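Next comes start.csv, a file with CSV, C-alpha atoms.
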chain,number,residue,atom,x,y,z
A,1432,MET,CA,110.5,76.2,103.4
A,1433,ALA,CA,108.0,78.7,102.0
A,1434,ILE,CA,108.2,80.7,105.2
A,1435,VAL,CA,112.0,80.8,104.9
A,1436,VAL,CA,111.8,82.0,101.3
A,1437,LEU,CA,109.2,84.7,102.2
A,1438,LEU,CA,111.3,85.9,105.1
A,1439,SER,CA,114.4,86.1,103.0
A,1440,ALA,CA,112.5,88.0,100.3
A,1441,TYR,CA,111.1,90.4,102.9
A,1442,GLN,CA,114.6,91.0,104.3
A,1443,ARG,CA,116.0,91.7,100.9
A,1444,LEU,CA,113.1,94.1,100.1
A,1445,ALA,CA,113.6,95.9,103.4
A,1446,ARG,CA,117.3,96.3,102.6
A,1447,VAL,CA,116.4,97.7,99.2
A,1448,ILE,CA,114.0,100.2,100.7
A,1449,GLN,CA,116.6,101.2,103.3
A,1450,LEU,CA,119.2,101.8,100.6
A,1451,SER,CA,116.8,103.7,98.4
A,1452,ILE,CA,115.9,106.4,100.9
A,1453,VAL,CA,118.7,108.9,100.1
A,1454,PRO,CA,118.8,108.3,96.3
A,1455,LEU,CA,115.0,108.7,96.1
A,1456,LEU,CA,115.1,111.9,98.1
A,1457,LEU,CA,117.8,113.2,95.7
A,1458,LEU,CA,115.7,112.3,92.7
A,1459,PHE,CA,112.7,113.9,94.3
A,1460,PHE,CA,114.4,117.2,94.9
A,1461,ALA,CA,116.0,117.1,91.4
A,1462,SER,CA,112.6,116.5,89.9
A,1463,VAL,CA,111.0,119.4,91.9
A,1464,ALA,CA,113.9,121.7,90.8
A,1465,TYR,CA,113.3,120.8,87.1
A,1466,PHE,CA,109.6,121.2,87.4
A,1467,PHE,CA,109.8,124.8,88.7
A,1468,LYS,CA,113.0,125.9,86.8
A,1469,ALA,CA,113.0,123.7,83.7
A,1470,GLU,CA,113.9,126.4,81.2
A,1471,LEU,CA,116.6,127.9,83.4
A,1472,ILE,CA,118.2,124.5,84.0
A,1473,VAL,CA,118.2,123.5,80.3
A,1474,GLN,CA,119.6,126.9,79.2
A,1475,SER,CA,122.3,126.8,81.9
A,1476,LEU,CA,123.5,123.3,80.9
A,1477,GLN,CA,123.5,124.2,77.2
A,1478,GLN,CA,125.7,127.2,77.9
A,1479,ALA,CA,127.9,125.2,80.4
A,1480,HIS,CA,127.8,121.8,78.8
A,1481,TRP,CA,131.3,121.2,80.2
A,1482,LEU,CA,129.7,120.9,83.7
A,1483,THR,CA,128.1,117.6,82.8
A,1484,TYR,CA,131.3,116.2,81.4
A,1485,THR,CA,133.2,117.4,84.4
A,1486,GLY,CA,130.8,115.6,86.7
A,1487,LEU,CA,131.2,112.4,84.6
A,1488,LEU,CA,135.0,112.7,84.8
A,1489,ILE,CA,135.1,113.3,88.6
A,1490,THR,CA,132.7,110.5,89.3
A,1491,ALA,CA,134.5,108.1,87.0
A,1492,LEU,CA,137.8,108.9,88.7
A,1493,LEU,CA,136.2,108.3,92.1
A,1494,ALA,CA,134.7,105.0,91.0
A,1495,TRP,CA,138.1,104.0,89.4
A,1496,LEU,CA,139.9,104.8,92.6
A,1497,PHE,CA,137.7,102.4,94.6
A,1498,GLY,CA,137.6,99.7,92.0
A,1499,ARG,CA,134.0,100.0,90.9
A,1500,SER,CA,134.5,98.9,87.4
A,1501,ARG,CA,130.8,98.5,86.6
A,1502,LEU,CA,130.1,102.1,87.6
A,1503,VAL,CA,133.0,103.3,85.5
A,1504,TRP,CA,131.6,101.5,82.4
A,1505,THR,CA,128.2,103.0,83.2
A,1506,LEU,CA,129.6,106.5,83.3
A,1507,LEU,CA,131.4,105.9,80.0
A,1508,LEU,CA,128.0,104.8,78.6
A,1509,LEU,CA,126.3,107.9,79.8
A,1510,CYS,CA,129.1,110.0,78.3
A,1511,ALA,CA,128.5,108.2,74.9
A,1512,MET,CA,124.8,109.0,75.2
A,1513,LEU,CA,125.7,112.7,75.5
A,1514,VAL,CA,128.1,112.9,72.5
A,1515,PRO,CA,126.3,114.5,69.6
A,1516,TYR,CA,125.9,112.5,66.4
A,1517,GLN,CA,128.7,113.3,63.9
A,1518,ALA,CA,129.3,110.1,61.9
A,1519,SER,CA,128.3,110.0,58.2
A,1520,TRP,CA,127.9,106.2,57.7
A,1521,PHE,CA,124.7,106.1,59.7
A,1522,ALA,CA,121.5,108.1,59.4
A,1523,ALA,CA,121.0,110.1,62.6
A,1524,GLU,CA,117.7,108.2,63.4
A,1525,THR,CA,119.3,104.9,62.8
A,1526,TRP,CA,122.3,105.7,65.1
A,1527,ALA,CA,119.8,106.9,67.8
A,1528,LEU,CA,118.0,103.5,67.6
A,1529,ILE,CA,121.3,101.6,67.7
A,1530,ARG,CA,122.7,103.7,70.6
A,1531,PHE,CA,119.6,103.1,72.8
A,1532,SER,CA,119.4,99.4,72.0
A,1533,ALA,CA,123.2,98.9,72.7
A,1534,SER,CA,122.9,100.9,76.0
A,1535,MET,CA,120.1,98.5,77.1
A,1536,LEU,CA,122.2,95.4,76.2
A,1537,ILE,CA,125.3,96.8,78.0
A,1538,LEU,CA,123.3,97.6,81.1
A,1539,CYS,CA,121.8,94.1,81.1
A,1540,TRP,CA,125.4,92.8,81.2
A,1541,LEU,CA,126.5,95.3,83.9
A,1542,VAL,CA,123.6,94.5,86.3
A,1543,THR,CA,124.1,90.8,86.0
A,1544,THR,CA,127.9,90.7,86.4
A,1545,SER,CA,130.2,91.8,89.2
A,1546,ASP,CA,133.0,94.3,89.5
A,1547,LYS,CA,136.1,92.9,87.8
A,1548,GLY,CA,138.7,95.6,88.6
A,1549,PHE,CA,141.0,97.3,86.2
A,1550,SER,CA,143.7,94.8,85.3
A,1551,PRO,CA,144.7,94.8,81.6
A,1552,PHE,CA,143.0,91.4,81.0
A,1553,ASN,CA,139.7,92.5,82.6
A,1554,LEU,CA,139.7,95.9,80.8
A,1555,LEU,CA,140.3,94.1,77.5
A,1556,THR,CA,137.6,91.5,78.2
A,1557,SER,CA,135.1,94.1,79.2
A,1558,SER,CA,135.9,96.2,76.1
A,1559,LEU,CA,135.4,93.3,73.8
A,1560,ILE,CA,132.1,92.4,75.4
A,1561,ILE,CA,130.8,95.9,75.1
A,1562,ALA,CA,132.1,96.2,71.5
A,1563,GLY,CA,130.4,92.8,70.7
A,1564,LEU,CA,127.1,94.0,72.1
A,1565,VAL,CA,127.2,97.2,70.0
A,1566,LEU,CA,128.0,95.2,66.9
A,1567,VAL,CA,125.1,92.9,67.6
A,1568,CYS,CA,122.8,95.9,67.7
A,1569,VAL,CA,124.3,97.3,64.5
A,1570,TRP,CA,123.9,93.9,62.8
A,1571,LEU,CA,120.3,93.6,63.9
A,1572,GLN,CA,119.4,97.1,62.7
A,1573,HIS,CA,120.9,96.5,59.2
A,1574,ASN,CA,119.9,92.9,58.7
A,1575,VAL,CA,116.4,93.4,57.3
A,1576,ALA,CA,115.5,89.7,57.2
A,1577,ILE,CA,116.5,89.0,60.8
A,1578,ASN,CA,115.0,92.2,62.0
A,1579,SER,CA,111.7,91.5,60.2
A,1580,TRP,CA,111.6,87.9,61.5
A,1581,MET,CA,112.3,88.9,65.1
A,1582,SER,CA,109.7,91.7,65.0
A,1583,SER,CA,107.0,89.4,63.6
A,1584,HIS,CA,107.7,86.1,65.4
A,1585,VAL,CA,109.4,87.1,68.7
A,1586,LEU,CA,109.2,90.7,69.7
A,1587,THR,CA,105.8,91.9,68.4
A,1588,PRO,CA,103.7,89.1,70.1
A,1589,ALA,CA,105.5,89.8,73.4
A,1590,THR,CA,104.9,93.6,73.2
A,1591,THR,CA,101.6,93.9,71.5
A,1592,TRP,CA,99.6,94.0,74.7
A,1593,LEU,CA,101.8,96.8,76.0
A,1594,PHE,CA,101.4,98.9,72.8
A,1595,SER,CA,97.7,98.3,73.0
A,1596,LEU,CA,97.6,99.3,76.6
A,1597,TRP,CA,99.8,102.4,76.1
A,1598,PRO,CA,99.6,103.5,72.5
A,1599,VAL,CA,102.0,106.4,73.3
A,1600,LEU,CA,104.8,103.8,73.5
A,1601,HIS,CA,104.8,103.6,69.7
A,1602,GLN,CA,106.2,107.1,69.6
A,1603,GLY,CA,109.3,106.2,71.5
A,1604,PHE,CA,109.9,102.5,71.1
A,1605,SER,CA,110.2,100.0,68.4
A,1606,SER,CA,109.4,96.3,69.3
A,1607,LEU,CA,113.1,95.6,69.7
A,1608,GLN,CA,113.7,98.6,71.9
A,1609,LEU,CA,110.7,97.9,74.1
A,1610,SER,CA,111.7,94.3,74.5
A,1611,LEU,CA,115.2,95.2,75.4
A,1612,SER,CA,113.9,97.8,77.9
A,1613,LEU,CA,111.6,95.3,79.6
A,1614,VAL,CA,114.5,92.8,79.8
A,1615,ALA,CA,116.9,95.4,81.3
A,1616,LEU,CA,114.3,96.6,83.8
A,1617,SER,CA,113.4,93.1,84.9
A,1618,LEU,CA,117.1,92.0,85.3
A,1619,ALA,CA,117.8,95.2,87.2
A,1620,LEU,CA,115.0,94.6,89.6
A,1621,ILE,CA,115.8,90.9,90.1
A,1622,CYS,CA,119.6,91.5,90.6
A,1623,LEU,CA,118.8,94.4,93.0
A,1624,LEU,CA,116.6,92.1,95.2
A,1625,TRP,CA,119.2,89.3,94.9
A,1626,ARG,CA,122.2,91.5,95.7
A,1627,PRO,CA,120.9,94.6,97.5
A,1628,ASN,CA,123.7,97.2,97.6
A,1629,THR,CA,124.2,100.7,96.5
A,1630,THR,CA,126.1,99.9,93.3
A,1631,GLN,CA,123.3,97.6,92.2
A,1632,LEU,CA,120.7,100.3,93.1
A,1633,SER,CA,122.6,102.9,91.1
A,1634,LEU,CA,122.7,100.7,88.0
A,1635,SER,CA,118.9,100.1,88.4
A,1636,ILE,CA,118.2,103.8,88.6
A,1637,VAL,CA,120.3,104.4,85.5
A,1638,VAL,CA,118.3,101.8,83.6
A,1639,VAL,CA,115.0,103.3,84.7
A,1640,THR,CA,116.1,106.8,83.9
A,1641,LEU,CA,117.3,106.0,80.4
A,1642,VAL,CA,114.1,104.1,79.6
A,1643,ALA,CA,112.0,106.9,80.9
A,1644,LEU,CA,113.8,109.6,79.0
A,1645,HIS,CA,113.7,107.6,75.8
A,1646,GLY,CA,110.0,106.8,76.2
A,1647,LEU,CA,109.1,110.4,77.0
A,1648,ASN,CA,111.4,111.7,74.2
A,1649,ARG,CA,113.0,114.2,76.6
A,1650,THR,CA,116.5,114.5,75.0
A,1651,ALA,CA,116.8,118.1,76.3
A,1652,LEU,CA,116.6,116.6,79.8
A,1653,LEU,CA,119.5,114.2,79.2
A,1654,ASN,CA,122.3,116.6,80.4
A,1655,TYR,CA,120.4,117.3,83.6
A,1656,ALA,CA,119.6,113.7,84.2
A,1657,VAL,CA,123.2,112.6,83.7
A,1658,LEU,CA,124.4,115.2,86.2
A,1659,VAL,CA,121.9,113.9,88.8
A,1660,LEU,CA,123.0,110.3,88.0
A,1661,CYS,CA,126.6,111.3,88.6
A,1662,LEU,CA,125.6,112.5,92.1
A,1663,LEU,CA,123.8,109.3,92.8
A,1664,ILE,CA,126.8,107.2,91.6
A,1665,ALA,CA,129.2,109.3,93.6
A,1666,TYR,CA,127.0,108.7,96.7
A,1667,ALA,CA,127.0,105.0,96.0
A,1668,VAL,CA,130.8,104.9,95.8
A,1669,VAL,CA,131.3,106.9,99.0
A,1670,LYS,CA,128.7,104.8,100.9
A,1671,ASP,CA,130.2,101.5,99.8
A,1672,SER,CA,133.7,102.7,100.6
A,1673,PHE,CA,132.5,103.9,104.0
A,1674,ALA,CA,131.0,100.5,104.7
A,1675,MET,CA,134.2,98.7,103.7
A,1676,ALA,CA,136.2,100.9,106.0
A,1677,PHE,CA,133.9,100.9,109.0
A,1678,ARG,CA,132.1,97.6,108.7
A,1679,ASP,CA,133.7,94.2,109.5
A,1680,GLU,CA,133.6,92.2,106.3
A,1681,LEU,CA,133.1,88.8,107.9
A,1682,THR,CA,130.5,89.5,110.6
A,1683,GLY,CA,128.8,92.6,109.2
A,1684,ILE,CA,129.0,94.6,112.4
A,1685,ALA,CA,131.0,97.7,113.1
A,1686,SER,CA,134.8,97.3,112.9
A,1687,ARG,CA,137.6,98.4,115.2
A,1688,ARG,CA,138.1,101.6,113.0
A,1689,ALA,CA,134.5,102.4,113.6
A,1690,LEU,CA,135.1,102.0,117.3
A,1691,MET,CA,137.9,104.5,117.2
A,1692,GLN,CA,135.7,107.0,115.3
A,1693,PHE,CA,132.9,106.5,117.8
A,1694,LEU,CA,135.0,107.2,120.9
A,1695,PRO,CA,135.1,111.0,120.6
A,1696,THR,CA,131.3,111.1,120.6
A,1697,LEU,CA,131.1,109.5,124.1
A,1698,GLY,CA,130.6,111.8,127.1
A,1699,ARG,CA,132.0,111.5,130.6
A,1700,LYS,CA,129.9,108.5,131.5
A,1701,TYR,CA,130.0,105.1,129.7
A,1702,ALA,CA,130.7,101.4,130.2
A,1703,VAL,CA,133.0,99.2,128.1
A,1704,VAL,CA,132.4,95.4,127.8
A,1705,MET,CA,135.1,93.0,126.4
A,1706,ALA,CA,133.5,89.8,125.0
A,1707,ASP,CA,135.4,86.7,124.0
A,1708,ILE,CA,134.2,83.4,122.6
A,1709,ASP,CA,135.2,80.5,124.9
A,1710,HIS,CA,137.6,77.9,123.5
A,1711,PHE,CA,137.3,79.3,120.0
A,1712,LYS,CA,140.7,78.0,118.9
A,1713,LYS,CA,139.7,74.5,120.0
A,1714,PHE,CA,136.4,74.9,118.2
A,1715,ASN,CA,138.2,75.9,115.0
A,1716,ASP,CA,140.6,73.0,115.2
A,1717,SER,CA,137.8,70.5,115.7
A,1718,TYR,CA,135.3,71.7,113.1
A,1719,GLY,CA,137.3,73.8,110.7
A,1720,HIS,CA,137.6,77.5,109.9
A,1721,GLU,CA,134.4,77.6,107.8
A,1722,VAL,CA,132.4,76.5,110.9
A,1723,GLY,CA,134.4,78.9,113.0
A,1724,ASP,CA,133.5,81.8,110.7
A,1725,GLU,CA,129.8,80.9,111.0
A,1726,VAL,CA,130.2,80.9,114.8
A,1727,LEU,CA,131.8,84.4,114.6
A,1728,LYS,CA,128.8,85.6,112.5
A,1729,LEU,CA,126.3,84.1,114.9
A,1730,VAL,CA,127.9,85.6,118.0
A,1731,ALA,CA,128.3,89.0,116.3
A,1732,SER,CA,124.6,89.0,115.2
A,1733,LYS,CA,123.6,88.4,118.8
A,1734,LEU,CA,125.9,91.0,120.2
A,1735,ASN,CA,124.6,93.5,117.6
A,1736,LYS,CA,121.1,93.1,119.1
A,1737,VAL,CA,122.2,93.9,122.7
A,1738,ALA,CA,119.6,95.9,124.6
A,1739,GLY,CA,120.2,98.9,126.9
A,1740,GLY,CA,121.6,101.2,124.1
A,1741,GLY,CA,124.8,99.2,123.6
A,1742,ARG,CA,126.8,99.2,120.4
A,1743,ALA,CA,128.8,96.2,119.2
A,1744,PHE,CA,132.2,96.3,117.5
A,1745,ARG,CA,134.5,93.5,116.4
A,1746,PHE,CA,137.8,94.2,118.0
A,1747,GLY,CA,139.9,91.4,116.5
A,1748,GLY,CA,139.8,87.6,116.1
A,1749,GLU,CA,137.1,86.2,118.5
A,1750,GLU,CA,137.1,89.4,120.6
A,1751,PHE,CA,134.3,91.9,120.6
A,1752,VAL,CA,133.7,95.2,122.3
A,1753,LEU,CA,130.4,96.6,123.5
A,1754,ILE,CA,130.0,100.3,124.4
A,1755,PHE,CA,127.1,101.6,126.5
A,1756,PRO,CA,127.0,105.4,126.5
A,1757,GLY,CA,125.6,107.0,129.6
A,1758,LYS,CA,125.7,103.9,131.8
A,1759,THR,CA,127.6,102.5,134.7
A,1760,SER,CA,128.9,98.9,135.0
A,1761,ALA,CA,126.1,98.0,137.4
A,1762,GLU,CA,123.5,99.2,135.0
A,1763,VAL,CA,125.0,97.2,132.1
A,1764,VAL,CA,125.3,93.9,133.9
A,1765,PRO,CA,121.6,92.7,133.3
A,1766,PHE,CA,121.8,93.4,129.6
A,1767,VAL,CA,125.2,91.6,129.2
A,1768,ASP,CA,124.1,88.6,131.3
A,1769,ALA,CA,120.9,88.3,129.2
A,1770,LEU,CA,123.1,88.4,126.1
A,1771,ARG,CA,125.4,85.7,127.5
A,1772,GLN,CA,122.4,83.5,128.1
A,1773,ILE,CA,121.1,83.9,124.6
A,1774,ILE,CA,124.4,82.9,123.1
A,1775,ALA,CA,124.8,79.9,125.5
A,1776,ASP,CA,121.3,78.6,124.7
A,1777,TYR,CA,121.6,78.8,120.9
A,1778,ASP,CA,122.0,75.4,119.2
A,1779,ILE,CA,124.5,75.3,116.3
A,1780,ALA,CA,123.9,72.4,113.8
A,1781,ILE,CA,127.1,71.1,112.2
A,1782,ARG,CA,126.6,68.9,109.2
A,1783,SER,CA,128.3,65.5,109.4
A,1784,LYS,CA,128.7,65.6,105.6
A,1785,PRO,CA,128.4,68.4,103.1
A,1786,ARG,CA,125.0,68.8,101.5
A,1787,PRO,CA,124.9,66.9,98.1
A,1788,ASN,CA,124.4,68.8,94.9
A,1789,LYS,CA,121.8,66.3,93.8
A,1790,ALA,CA,119.1,64.6,95.9
A,1791,PRO,CA,120.3,61.0,96.7
A,1792,LYS,CA,118.4,58.0,95.4
A,1793,THR,CA,115.9,56.3,97.6
A,1794,SER,CA,117.8,54.4,100.3
A,1795,THR,CA,116.9,52.4,103.4
A,1796,LYS,CA,119.8,54.0,105.3
A,1797,LYS,CA,118.9,56.8,107.6
A,1798,PRO,CA,120.6,60.1,106.7
A,1799,PRO,CA,123.4,61.1,109.1
A,1800,GLN,CA,122.1,63.5,111.8
A,1801,ASP,CA,123.6,66.9,112.2
A,1802,LYS,CA,125.7,67.4,115.3
A,1803,ILE,CA,124.3,70.0,117.7
A,1804,VAL,CA,126.9,72.0,119.5
A,1805,LYS,CA,126.9,75.1,121.7
A,1806,VAL,CA,129.2,78.0,122.2
A,1807,THR,CA,129.6,80.2,125.2
A,1808,SER,CA,131.1,83.6,125.7
A,1809,SER,CA,132.8,85.4,128.6
A,1810,PHE,CA,132.4,89.1,129.4
A,1811,GLY,CA,134.4,91.7,131.3
A,1812,ILE,CA,132.9,95.1,132.2
A,1813,ALA,CA,134.6,98.4,133.2
A,1814,GLN,CA,133.4,101.9,133.3
A,1815,ARG,CA,134.9,105.4,132.9
A,1816,SER,CA,136.0,106.8,136.3
A,1817,LYS,CA,138.2,109.5,137.7
A,1818,VAL,CA,141.1,107.1,137.9
A,1819,HIS,CA,140.5,105.4,134.6
A,1820,HIS,CA,139.3,108.1,132.3
A,1821,GLU,CA,141.3,107.3,129.2
A,1822,PHE,CA,139.8,104.7,126.9
A,1823,ALA,CA,143.0,102.6,126.8
A,1824,SER,CA,142.9,102.4,130.6
A,1825,ILE,CA,139.2,101.4,130.7
A,1826,MET,CA,139.8,98.7,128.1
A,1827,LYS,CA,142.6,97.3,130.2
A,1828,GLN,CA,140.3,97.1,133.2
A,1829,ALA,CA,137.6,95.4,131.1
A,1830,ASP,CA,140.3,93.0,129.9
A,1831,VAL,CA,141.3,92.2,133.5
A,1832,ALA,CA,137.6,91.5,134.2
A,1833,LEU,CA,137.4,89.3,131.2
A,1834,TYR,CA,140.4,87.3,132.3
A,1835,ALA,CA,138.7,86.9,135.7
A,1836,ALA,CA,135.6,85.6,133.9
A,1837,LYS,CA,137.8,83.0,132.1
A,1838,LYS,CA,139.5,82.0,135.3
A,1839,ALA,CA,136.1,81.6,137.0
A,1840,GLY,CA,135.1,78.9,134.6
A,1841,ARG,CA,134.0,80.9,131.5
A,1842,ASN,CA,130.4,81.6,130.4
A,1843,CYS,CA,130.0,84.3,132.9
A,1844,VAL,CA,130.1,88.1,133.4
A,1845,LYS,CA,132.6,89.8,135.7
A,1846,VAL,CA,132.9,93.5,136.6
A,1847,ALA,CA,136.2,95.2,137.1
A,1848,ASN,CA,137.1,96.2,140.6
A,1849,GLN,CA,137.3,100.0,140.2
What would the structure in this file look like if it were written as structure tokens?
Amino acid sequence: MAIVVLLSAYQRLARVIQLSIVPLLLLFFASVAYFFKAELIVQSLQQAHWLTYTGLLITALLAWLFGRSRLVWTLLLLCAMLVPYQASWFAAETWALIRFSASMLILCWLVTTSDKGFSPFNLLTSSLIIAGLVLVCVWLQHNVAINSWMSSHVLTPATTWLFSLWPVLHQGFSSLQLSLSLVALSLALICLLWRPNTTQLSLSIVVVTLVALHGLNRTALLNYAVLVLCLLIAYAVVKDSFAMAFRDELTGIASRRALMQFLPTLGRKYAVVMADIDHFKKFNDSYGHEVGDEVLKLVASKLNKVAGGGRAFRFGGEEFVLIFPGKTSAEVVPFVDALRQIIADYDIAIRSKPRPNKAPKTSTKKPPQDKIVKVTSSFGIAQRSKVHHEFASIMKQADVALYAAKKAGRNCVKVANQ
């Protein structure tokens, strides 16, 4: 069990590292640019402050278009951080404290929730939650008794060692602010490892950036930082949208649309393989669609690891397509046959009963054994030739070969007679 947990944690960490490459490169180049041209950048953004607001507006519209509600709220939060203090009912320092504390609470909520869309009900609910979090911060800041009790009994004991380790933190953080910052950073990291995706990564980077800017007291850097964060969030929206369009949602491998985009990159020599799961409808009827979906995921994961330079795509239903650039049918056969054998040898455990929510009481009865089943796949191979040089024609030949494999008893590989 421990090995499974460690393996899952390693896979999630590897996914986070993979997602972080482009954002970290962007942050690196932005940091280098600021290091060498800090004065020029600050002056330029002060003279053209509309540029940051334009970036926020464009990025918010992009996130709204693709239904990324958490990113839209994050961008509105960044916009609020930029708005200069004008109200007269708060002292400027008090409002700065409230604004930072509220931003940390709001980000804690955003990193732990999911995108809710923009229906009137969800917009109203989210607005009320954000307003409530802001009011909590205002109340804490002005309730002297509660603030004093929390500082002395809850917050100070938890943050004393940090203040003693880095005395400079006293200049930027109160006990409440440091505690909220630590909670926000911890939640962002945990949620990023739990749900590694570009949206979660963007939210985590926003948390880290705001905490760092507040701790370093670099308010002059805020406009530049927000502009860089807009670029990161726009990248996250585009990347996620690309994945939705070109990645099959169920199996996780490339979709039919991705196949159509991949075709123009192929040269004059390539092989096409049509793959189909044998008796899949009967399997679905016998064990249910949930088990059928798991079988599709399993077969897709094996196809996605095909050797020989092949690329796997889900074509539709239980059908998949493999493309081998630069190879003939004869060269592809060993790789496809090895893949067929891997799928056929894999044991699939089907639970006789759903796993209980609670551990059952001690009983003399033996627990029901999981049923072990196997699935097989049939493959048809065709290659580009002088006669069949259009992809549709090659696919038809591969489909004829697949039909021959089905007719020959399934669980086999057949090559089109070209």
>> Using only C-alpha atoms - which residues lie no farther than 7 Å from the point (129.1, 109.5, 91.4) in the file's frame? Write them as a PyMOL selection string.
In response: chain A and resi 1490+1661-1668
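Ranking A:Tyr1718, A:Tyr1655, A:Phe1766, A:Tyr1484 by their shortest atom-to-atom distance to Ala1469 of chain A, with all atoms listed in the file included, puts A:Tyr1655 first.
Here the question is which of A:Ser1462, A:Gln1692, A:Thr1544, A:Gln1631 gets nearest to Ile1560 of chain A using all atoms listed in the file, and that residue is A:Thr1544.
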>> I need the residue nearest Leu1450 of chain A from this list: A:Gly1840, A:Gln1477, A:Leu1644, A:Leu1624. Use all atoms listed in the file for the distance.
In response: A:Leu1624
> Counting all atoms listed in the file, which residues come within 10 Å of (115.9, 95.8, 84.3), with the point read in the file's coordinates, and could you list them as a PyMOL selection string?
Replying inline: chain A and resi 1535+1538-1539+1542-1543+1611-1623+1634-1639+1642
> Can you list, as a list of chain:residue names, every protein, DNA or RNA residue that comes within 10 Å of Gly1698 of chain A when you count only C-alpha atoms, leaving out same-chain residues fewer than 6 positions away?
Replying inline: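 Result of the neighbour search: A:Pro1756, A:Gly1757, A:Arg1815.
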>> Considering all atoms listed in the file, can you say which of A:Asp1679, A:Val1567, A:Phe1531, A:Val1726 comes closest to Ala1643 of chain A?
In response: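 Of the candidates, the smallest distance to Ala1643 of chain A is held by A:Phe1531.
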> In Å, with one decimal, what is the gap from atom CA of Asp1724 of chain A to atom CA of Gln1442 of chain A?
Replying inline: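 Between atom CA of Asp1724 of chain A and atom CA of Gln1442 of chain A the gap works out to 22.0 Å.
Going from atom CA of Lys1837 of chain A over to atom CA of Ser1809 of chain A, you cover 6.6 Å.
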> Do you know which residues are at most 8 Å from Phe1549 of chain A counting only C-alpha atoms, after dropping those on the same chain fewer than 5 positions away, and could you put them as number ranges by chain?
Replying inline: A: 1495, 1498, 1500, 1554
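Across the structure, atom CA of Ser1633 of chain A and atom CA of Phe1604 of chain A are spaced 23.7 Å apart.
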> If we count all atoms listed in the file, what is near Val1806 of chain A at a cut-off of 10 Å, once residues fewer than 4 positions away on the same chain are taken out, given as a list in words?
Replying inline: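 Within the cut-off, the hits are Ile1708, Asp1709, His1710, Phe1711, Phe1714, Val1726, Leu1729, Val1730, Ile1774, Ala1775, Asp1776, Tyr1777, Asp1778, Ile1779 and Asn1842 of chain A.
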> Quick one: of A:Ala1813, A:Ala1823, A:Val1844, A:Thr1630, who's nearest to Gln1772 of chain A, counting all atoms listed in the file?
Replying inline: A:Val1844
> Looking at only C-alpha atoms, which of A:His1720, A:Lys1700, A:Arg1745, A:Lys1733 is the one that sits closest to Val1767 of chain A?
Replying inline: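 Distance minimum relative to Val1767 of chain A lands on A:Lys1733.
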>> Can you tell me which residues surround Arg1530 of chain A at a distance of at most 10 Å, considering all atoms listed in the file, apart from same-chain residues fewer than 6 positions away, and format the answer as a PyMOL selection string?
In response: chain A and resi 1508+1511-1512+1524+1565+1568-1569
For the selection just defined, write its residues with C-alpha atoms to a file, as a PDB file, in the coordinates of the input.
ATOM      1  CA  LEU A1508     128.000 104.800  78.600  1.00  0.00           C
ATOM      2  CA  ALA A1511     128.500 108.200  74.900  1.00  0.00           C
ATOM      3  CA  MET A1512     124.800 109.000  75.200  1.00  0.00           C
ATOM      4  CA  GLU A1524     117.700 108.200  63.400  1.00  0.00           C
ATOM      5  CA  VAL A1565     127.200  97.200  70.000  1.00  0.00           C
ATOM      6  CA  CYS A1568     122.800  95.900  67.700  1.00  0.00           C
ATOM      7  CA  VAL A1569     124.300  97.300  64.500  1.00  0.00           C
TER       8      VAL A1569
END
